[in-house]
Every structure is written in C-alpha cells, then in structure tokens.
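**Student:** Take a look at protein38.cif, mmCIF, C-alpha atoms:
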```
data_protein
#
loop_
_atom_site.group_PDB
_atom_site.id
_atom_site.type_symbol
_atom_site.label_atom_id
_atom_site.label_comp_id
_atom_site.auth_asym_id
_atom_site.auth_seq_id
_atom_site.Cartn_x
_atom_site.Cartn_y
_atom_site.Cartn_z
ATOM 1 C CA ALA A 1 -18.641 -18.100 14.536
ATOM 2 C CA ALA A 2 -18.143 -21.834 14.573
ATOM 3 C CA TYR A 3 -17.329 -23.101 11.118
ATOM 4 C CA ALA A 4 -19.454 -25.953 9.764
ATOM 5 C CA PRO A 5 -18.057 -27.683 6.678
ATOM 6 C CA PRO A 6 -20.357 -28.065 3.671
ATOM 7 C CA PRO A 7 -22.187 -31.376 3.201
ATOM 8 C CA ALA A 8 -20.691 -31.943 -0.260
ATOM 9 C CA PRO A 9 -17.063 -33.007 -0.671
ATOM 10 C CA PRO A 10 -15.018 -29.927 0.283
ATOM 11 C CA ASN A 11 -12.797 -27.914 -1.990
ATOM 12 C CA LEU A 12 -9.536 -27.887 -0.016
ATOM 13 C CA PHE A 13 -8.462 -24.509 -1.410
ATOM 14 C CA VAL A 14 -11.696 -22.835 -0.308
ATOM 15 C CA GLU A 15 -11.859 -24.712 3.000
ATOM 16 C CA ALA A 16 -8.311 -23.712 3.926
ATOM 17 C CA TYR A 17 -9.187 -20.042 3.485
ATOM 18 C CA VAL A 18 -12.488 -20.444 5.329
ATOM 19 C CA ARG A 19 -10.676 -21.890 8.332
ATOM 20 C CA VAL A 20 -8.281 -18.959 8.542
ATOM 21 C CA SER A 21 -10.858 -16.255 7.894
ATOM 22 C CA ASP A 22 -13.525 -17.686 10.203
ATOM 23 C CA GLU A 23 -11.930 -16.291 13.368
ATOM 24 C CA ALA A 24 -10.099 -13.027 13.935
ATOM 25 C CA PRO A 25 -6.763 -14.480 15.190
ATOM 26 C CA GLY A 26 -6.464 -16.749 12.152
ATOM 27 C CA TRP A 27 -7.478 -13.931 9.845
ATOM 28 C CA TRP A 28 -4.769 -11.718 11.336
ATOM 29 C CA TRP A 29 -2.059 -13.994 9.929
ATOM 30 C CA SER A 30 -3.730 -14.435 6.550
ATOM 31 C CA SER A 31 -4.455 -10.747 6.104
ATOM 32 C CA GLN A 32 -0.773 -9.977 6.673
ATOM 33 C CA LEU A 33 0.214 -12.268 3.797
ATOM 34 C CA LEU A 34 -2.564 -11.014 1.516
ATOM 35 C CA THR A 35 -1.731 -7.346 2.029
ATOM 36 C CA TRP A 36 1.962 -8.111 1.530
ATOM 37 C CA VAL A 37 1.164 -9.780 -1.811
ATOM 38 C CA THR A 38 -0.944 -6.780 -2.820
ATOM 39 C CA VAL A 39 2.161 -4.610 -2.403
ATOM 40 C CA ALA A 40 4.678 -7.159 -3.719
ATOM 41 C CA CYS A 41 2.926 -7.662 -7.075
ATOM 42 C CA PRO A 42 3.121 -4.079 -8.383
ATOM 43 C CA MET A 43 6.619 -3.736 -6.939
ATOM 44 C CA ALA A 44 7.698 -6.905 -8.782
ATOM 45 C CA TYR A 45 5.989 -5.627 -11.949
ATOM 46 C CA LEU A 46 7.897 -2.345 -11.831
ATOM 47 C CA GLU A 47 11.191 -4.074 -11.105
ATOM 48 C CA ALA A 48 10.604 -6.673 -13.836
ATOM 49 C CA GLN A 49 10.313 -3.838 -16.325
ATOM 50 C CA ARG A 50 13.233 -1.899 -14.918
ATOM 51 C CA ARG A 51 15.456 -4.986 -14.955
ATOM 52 C CA ARG A 52 14.111 -6.323 -18.267
ATOM 53 C CA LEU A 53 12.812 -9.655 -16.960
ATOM 54 C CA PRO A 54 10.828 -11.157 -19.841
ATOM 55 C CA PRO A 55 7.102 -10.546 -19.194
ATOM 56 C CA ARG A 56 6.173 -14.199 -19.762
ATOM 57 C CA LEU A 57 8.652 -15.281 -17.103
ATOM 58 C CA ALA A 58 7.277 -12.735 -14.618
ATOM 59 C CA LEU A 59 3.748 -13.983 -15.425
ATOM 60 C CA ALA A 60 4.892 -17.587 -14.873
ATOM 61 C CA TYR A 61 6.228 -16.719 -11.412
ATOM 62 C CA VAL A 62 3.040 -14.858 -10.463
ATOM 63 C CA THR A 63 0.761 -17.584 -11.826
ATOM 64 C CA THR A 64 2.708 -20.191 -9.846
ATOM 65 C CA ALA A 65 2.329 -18.022 -6.751
ATOM 66 C CA PHE A 66 -1.441 -17.736 -7.089
ATOM 67 C CA LEU A 67 -2.162 -21.279 -8.259
ATOM 68 C CA GLY A 68 0.442 -22.916 -6.048
ATOM 69 C CA ALA A 69 1.801 -21.004 -3.104
ATOM 70 C CA VAL A 70 2.955 -17.429 -2.710
ATOM 71 C CA SER A 71 5.821 -18.621 -0.522
ATOM 72 C CA LEU A 72 6.888 -20.955 -3.340
ATOM 73 C CA ALA A 73 7.061 -18.442 -6.175
ATOM 74 C CA LEU A 74 7.339 -14.811 -5.055
ATOM 75 C CA PRO A 75 10.645 -15.120 -3.139
ATOM 76 C CA PRO A 76 12.375 -16.737 -6.156
ATOM 77 C CA LEU A 77 10.874 -14.013 -8.399
ATOM 78 C CA LEU A 78 12.281 -11.316 -6.126
ATOM 79 C CA ALA A 79 15.648 -13.110 -5.986
ATOM 80 C CA HIS A 80 15.675 -13.414 -9.783
ATOM 81 C CA LEU A 81 14.995 -9.684 -10.074
ATOM 82 C CA LEU A 82 17.912 -8.910 -7.750
ATOM 83 C CA LEU A 83 20.238 -10.921 -9.984
ATOM 84 C CA LEU A 84 19.417 -8.722 -12.991
ATOM 85 C CA GLU A 85 21.061 -5.342 -13.517
ATOM 86 C CA PRO A 86 18.661 -2.381 -13.525
ATOM 87 C CA GLN A 87 18.441 -1.013 -17.053
ATOM 88 C CA GLY A 88 15.783 1.613 -16.655
ATOM 89 C CA VAL A 89 12.507 1.904 -18.494
ATOM 90 C CA LYS A 90 12.122 3.875 -21.677
ATOM 91 C CA GLY A 91 9.578 6.631 -21.527
ATOM 92 C CA GLY A 92 6.283 5.715 -23.136
ATOM 93 C CA THR A 93 5.233 7.276 -26.397
ATOM 94 C CA ASN A 94 1.699 5.924 -26.464
ATOM 95 C CA ALA A 95 -0.298 7.927 -23.930
ATOM 96 C CA ARG A 96 -3.420 5.757 -24.339
ATOM 97 C CA ARG A 97 -1.482 2.554 -23.701
ATOM 98 C CA ASP A 98 0.315 4.081 -20.726
ATOM 99 C CA ALA A 99 -3.002 5.226 -19.264
ATOM 100 C CA ALA A 100 -4.463 1.751 -19.855
ATOM 101 C CA VAL A 101 -1.611 0.137 -17.877
ATOM 102 C CA GLU A 102 -2.073 2.607 -15.020
ATOM 103 C CA VAL A 103 -5.857 2.171 -14.971
ATOM 104 C CA THR A 104 -5.456 -1.615 -15.099
ATOM 105 C CA TRP A 105 -3.224 -1.529 -12.028
ATOM 106 C CA ALA A 106 -5.562 0.860 -10.195
ATOM 107 C CA VAL A 107 -8.598 -1.339 -10.859
ATOM 108 C CA CYS A 108 -6.721 -4.542 -10.004
ATOM 109 C CA LEU A 109 -5.324 -3.159 -6.745
ATOM 110 C CA ALA A 110 -8.712 -1.768 -5.710
ATOM 111 C CA SER A 111 -10.324 -5.133 -6.518
ATOM 112 C CA ALA A 112 -7.678 -6.981 -4.503
ATOM 113 C CA ALA A 113 -8.170 -4.640 -1.544
ATOM 114 C CA LEU A 114 -11.949 -5.081 -1.674
ATOM 115 C CA SER A 115 -11.516 -8.854 -1.869
ATOM 116 C CA ILE A 116 -9.274 -8.834 1.202
ATOM 117 C CA VAL A 117 -11.925 -6.865 3.097
ATOM 118 C CA ALA A 118 -14.710 -9.108 1.756
ATOM 119 C CA LEU A 119 -13.206 -12.451 2.817
ATOM 120 C CA PRO A 120 -13.849 -12.242 6.575
ATOM 121 C CA ALA A 121 -17.080 -10.306 5.974
ATOM 122 C CA THR A 122 -18.562 -13.009 3.706
ATOM 123 C CA VAL A 123 -17.282 -16.143 5.446
ATOM 124 C CA ASP A 124 -20.651 -16.660 7.169
ATOM 125 C CA GLY A 125 -22.688 -15.326 4.242
ATOM 126 C CA PRO A 126 -23.598 -16.849 0.905
ATOM 127 C CA ARG A 127 -20.956 -19.292 -0.261
ATOM 128 C CA TRP A 128 -20.859 -17.740 -3.760
ATOM 129 C CA ALA A 129 -19.880 -14.332 -2.324
ATOM 130 C CA TYR A 130 -16.969 -15.811 -0.381
ATOM 131 C CA ILE A 131 -15.737 -17.887 -3.322
ATOM 132 C CA THR A 132 -16.061 -14.910 -5.692
ATOM 133 C CA ALA A 133 -13.911 -12.730 -3.412
ATOM 134 C CA LEU A 134 -11.373 -15.535 -3.035
ATOM 135 C CA LEU A 135 -11.123 -16.210 -6.768
ATOM 136 C CA LEU A 136 -10.979 -12.521 -7.627
ATOM 137 C CA LEU A 137 -8.127 -12.056 -5.168
ATOM 138 C CA HIS A 138 -6.174 -14.892 -6.801
ATOM 139 C CA VAL A 139 -6.701 -13.716 -10.381
ATOM 140 C CA VAL A 140 -6.822 -9.944 -10.390
ATOM 141 C CA LEU A 141 -3.186 -9.218 -9.474
ATOM 142 C CA ALA A 142 -1.944 -11.430 -12.310
ATOM 143 C CA LEU A 143 -3.882 -9.486 -14.965
ATOM 144 C CA PRO A 144 -1.329 -6.634 -15.377
ATOM 145 C CA PHE A 145 1.408 -9.240 -15.879
ATOM 146 C CA GLY A 146 -0.714 -10.760 -18.658
ATOM 147 C CA LEU A 147 -1.156 -7.299 -20.172
ATOM 148 C CA ALA A 148 2.629 -6.853 -20.142
ATOM 149 C CA CYS A 149 2.940 -10.070 -22.183
ATOM 150 C CA SER A 150 0.785 -8.518 -24.895
ATOM 151 C CA LEU A 151 3.055 -5.451 -25.188
ATOM 152 C CA LYS A 152 6.331 -5.419 -27.080
ATOM 153 C CA GLN A 153 9.326 -5.455 -24.746
ATOM 154 C CA SER A 154 10.312 -1.995 -25.983
ATOM 155 C CA ASP A 155 6.754 -0.712 -25.409
ATOM 156 C CA GLU A 156 6.535 -1.753 -21.781
ATOM 157 C CA ARG A 157 6.361 1.139 -19.436
ATOM 158 C CA ALA A 158 6.321 1.366 -15.703
ATOM 159 C CA LEU A 159 4.158 3.808 -13.846
ATOM 160 C CA GLU A 160 5.449 7.358 -13.872
ATOM 161 C CA PRO A 161 7.544 7.737 -10.661
ATOM 162 C CA ARG A 162 5.162 10.277 -9.098
ATOM 163 C CA ARG A 163 2.144 8.106 -9.804
ATOM 164 C CA ALA A 164 3.956 4.978 -8.637
ATOM 165 C CA ARG A 165 4.795 6.774 -5.395
ATOM 166 C CA ALA A 166 1.154 7.768 -4.956
ATOM 167 C CA ALA A 167 0.026 4.195 -5.680
ATOM 168 C CA PHE A 168 2.417 2.750 -3.096
ATOM 169 C CA LEU A 169 1.444 5.380 -0.508
ATOM 170 C CA SER A 170 -2.201 4.454 -1.071
ATOM 171 C CA LEU A 171 -1.318 0.782 -0.662
ATOM 172 C CA ALA A 172 0.591 1.599 2.529
ATOM 173 C CA ALA A 173 -2.449 3.410 3.931
ATOM 174 C CA PHE A 174 -4.679 0.452 3.040
ATOM 175 C CA CYS A 175 -2.258 -2.036 4.605
ATOM 176 C CA LEU A 176 -1.971 0.058 7.766
ATOM 177 C CA GLY A 177 -5.764 0.265 8.073
ATOM 178 C CA ALA A 178 -6.221 -3.457 7.357
ATOM 179 C CA HIS A 179 -3.512 -4.333 9.886
ATOM 180 C CA ALA A 180 -5.016 -2.084 12.558
ATOM 181 C CA LEU A 181 -8.515 -3.507 12.046
ATOM 182 C CA SER A 182 -7.439 -7.147 11.955
ATOM 183 C CA SER A 183 -5.135 -6.630 14.960
ATOM 184 C CA ALA A 184 -7.936 -5.000 16.964
ATOM 185 C CA ALA A 185 -10.387 -7.782 16.078
ATOM 186 C CA ALA A 186 -7.878 -10.525 16.929
ATOM 187 C CA LEU A 187 -6.894 -8.870 20.202
ATOM 188 C CA ARG A 188 -10.531 -8.369 21.165
ATOM 189 C CA GLN A 189 -11.353 -12.033 20.445
ATOM 190 C CA LEU A 190 -8.297 -13.295 22.344
ATOM 191 C CA LEU A 191 -9.096 -11.073 25.350
ATOM 192 C CA LEU A 192 -12.703 -12.284 25.363
ATOM 193 C CA ARG A 193 -11.500 -15.880 25.366
ATOM 194 C CA GLN A 194 -9.221 -15.121 28.310
ATOM 195 C CA LEU A 195 -12.068 -13.493 30.236
ATOM 196 C CA LEU A 196 -14.360 -16.440 29.554
ATOM 197 C CA LEU A 197 -11.713 -18.883 30.801
ATOM 198 C CA ARG A 198 -11.519 -17.168 34.203
#
```
For the file at hand, write its structure as structure tokens.

**Tutor:**
Amino acid sequence: AAYAPPPAPPNLFVEAYVRVSDEAPGWWWSSQLLTWVTVACPMAYLEAQRRRLPPRLALAYVTTAFLGAVSLALPPLLAHLLLLEPQGVKGGTNARRDAAVEVTWAVCLASAALSIVALPATVDGPRWAYITALLLLHVVLALPFGLACSLKQSDERALEPRRARAAFLSLAAFCLGAHALSSAAALRQLLLRQLLLR
C-alpha cells in the first residue's frame, strides 16, 4: 500500500514507524529489531538481578532505550552488566510476589508480541489502532523494570530457571515465526517487483 501522510502536522515518531511498517521489506528490518528487544529486555532484567545492578539504573537504561533509541541505550546496559560480577539471586520467600513478577513478565511479553504483530496489520487501518500498538510496544517491556524498583533489593527475584528457560524458548518460537513470516512477505514483495519490472 502506498503511504499517504496525514493532513495534520505529523508526529515524527509515529511517521517513522509507519514508513517502515508500510511495506514488507522495510518491516523485515524493523521486526528484527523489535523481536530482538523483546528477548533482550527479560534477559537484561535477569542479568541485572543476578549481577546486582540497581533497579533504578536498569530502568533508566530501558527508559532511555524506549524514549530515545534502542541502539543508544541497550548496548551500554549490556556492557554495564558484563562489567559486574555475577552474585546470584537469593531464592524468593514471598510466593505471591514471585508469582506477580512472573505473571507481569508473561503479560508484558505477550503484549509486546501482539503489538509487533499488530503494527503491520494496522498500518492501513484506523490510526488509533496503529498508535495504540506502537505505544504499548514502547511501554510494556519497561513495566517489569518499574516493578523491580518497588521491591527491596534483597526481595528481588529472577524467574525460576526452569520457568525462565520456558519463557525464552517461547520467545524463540515467536521470533522464529515472526522472522519466517516477515521474510516470506518481504521476499514475495521483492519478487513481485522484479516480475513487474520485466
């Protein structure tokens, strides 16, 4: 579909995403970054706890990534984590709190995944649907970091290793499916262009 900018003054943040999600080849590149961030955030969360990075500092990095640029903030966060010695995470004693952290991550990751799927599907639809998916994607993965700021440092708890493994395997399956679908759509559109040029 040919993108037509809105008549009102554009919001550059929204317009930048519209331009890359309007056509399959552009979306291919963006979806790679978005799925990478969906995996990088919980991994950084787990490592921040394991390496005792103060929760407010981790939240500052993530907020900068989502309000500024992922390429600006996530690589320094990961580098900062590598500079800290792993100290382990104490086992949780509050089962309700531990379950709340796990449910928060599950809901946030599912919301992020749905937002990634919704972006190219809503680009030609109602503007509010597109903007909602875009905003949700840029807020939802920061929520668990905010939750960590409300817990005492000694109360923080990472996901149980088995559950963390299951969460990352689920994310891997989602990323593989998203990559396969966006690759097929981009390849199909590029091949059609080539056939039309002949």

**Student:** Taking the file as shown, find all residues satisfying the PyMOL selection byres ((chain A and resi 73) around 12) and write them as a list in words.

**Tutor:**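 That selection, the PyMOL selection byres ((chain A and resi 73) around 12), comes back as Val37, Ala40, Cys41, Ala44, Leu57, Ala58, Leu59, Ala60, Tyr61, Val62, Thr63, Thr64, Ala65, Phe66, Leu67, Gly68, Ala69, Val70, Ser71, Leu72, Leu74, Pro75, Pro76, Leu77, Leu78, Ala79 and His80 of chain A.
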
**Student:** I need the residue set behind the PyMOL selection byres ((chain A and resi 142-146) around 7) for this file; please write it as a list of chain:residue names.

**Tutor:** A:Pro55, A:Ala58, A:Leu59, A:Val62, A:Thr63, A:Thr104, A:Trp105, A:Val139, A:Val140, A:Leu141, A:Leu147, A:Ala148, A:Cys149, A:Ser150

**Student:** I'd like to know which of A:Val107, A:Leu12, A:Leu190, A:Ala113 is closest to Ala172 (chain A), using all atoms listed in the file.

**Tutor:**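 Of A:Val107, A:Leu12, A:Leu190, A:Ala113, the one nearest Ala172 (chain A) is A:Ala113, counting all atoms listed in the file.
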
**Student:** Using all atoms listed in the file, which of the listed residues (A:Leu83, A:Leu197, A:Ala167, A:Leu34) sits closest to Ile116 (chain A)?

**Tutor:**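 Of A:Leu83, A:Leu197, A:Ala167, A:Leu34, the one nearest Ile116 (chain A) is A:Leu34, counting all atoms listed in the file.
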
**Student:** So which residues fall inside 12 Å of (1.1, -0.1, 2.8) if we count only C-alpha atoms? Mind giving them as a list in words?

**Tutor:**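 The residues that fall inside the cut-off are Gln32, Leu34, Thr35, Trp36, Val37, Thr38, Val39, Ala40, Met43, Leu109, Ala113, Arg165, Ala166, Ala167, Phe168, Leu169, Ser170, Leu171, Ala172, Ala173, Phe174, Cys175, Leu176, Gly177, Ala178, His179 and Ala180 of chain A.
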
**Student:** Give me the residues near region 22-24 of chain A as a ChimeraX atom specification, where near means some atom within 12 Å (using all atoms listed in the file) and where sequence neighbours in that chain fewer than 2 positions away do not count.

**Tutor:** /A:1-5,14-20,26-31,119-125,130,179,181-193

**Student:** Please indicate the distance in Å from CA of Leu53 (chain A) to CA of Ala164 (chain A), rounded to one decimal place.

**Tutor:** 19.0 Å

**Student:** Measure the distance from CA of His138 (chain A) to CA of Leu114 (chain A) in Å and round it to one decimal.

**Tutor:**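 Between CA of His138 (chain A) and CA of Leu114 (chain A) the gap works out to 12.5 Å.
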
**Student:** Between CA of Arg50 (chain A) and CA of Ala99 (chain A), what distance in Å does the model show, to one decimal?

**Tutor:**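 We find that CA of Arg50 (chain A) and CA of Ala99 (chain A) lie 18.3 Å from each other.
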
**Student:** Suppose a student applies the PyMOL selection byres ((chain A and resi 86) around 8) to this structure; what residues should they get, written as a PyMOL selection string?

**Tutor:** chain A and resi 50-52+84-85+87-88

**Student:** Tell me which of A:Trp128, A:Glu47, A:Ser115, A:Arg163 sits closest to Val103 (chain A), counting all atoms listed in the file.

**Tutor:**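 Checking each candidate against Val103 (chain A), we get A:Arg163 as the closest.
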
**Student:** Quick one: of A:Ala48, A:Ser21, A:Leu81, A:Val101, who's nearest to Leu151 (chain A), counting all atoms listed in the file?

**Tutor:**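 Closest to Leu151 (chain A) of all the choices is A:Val101.
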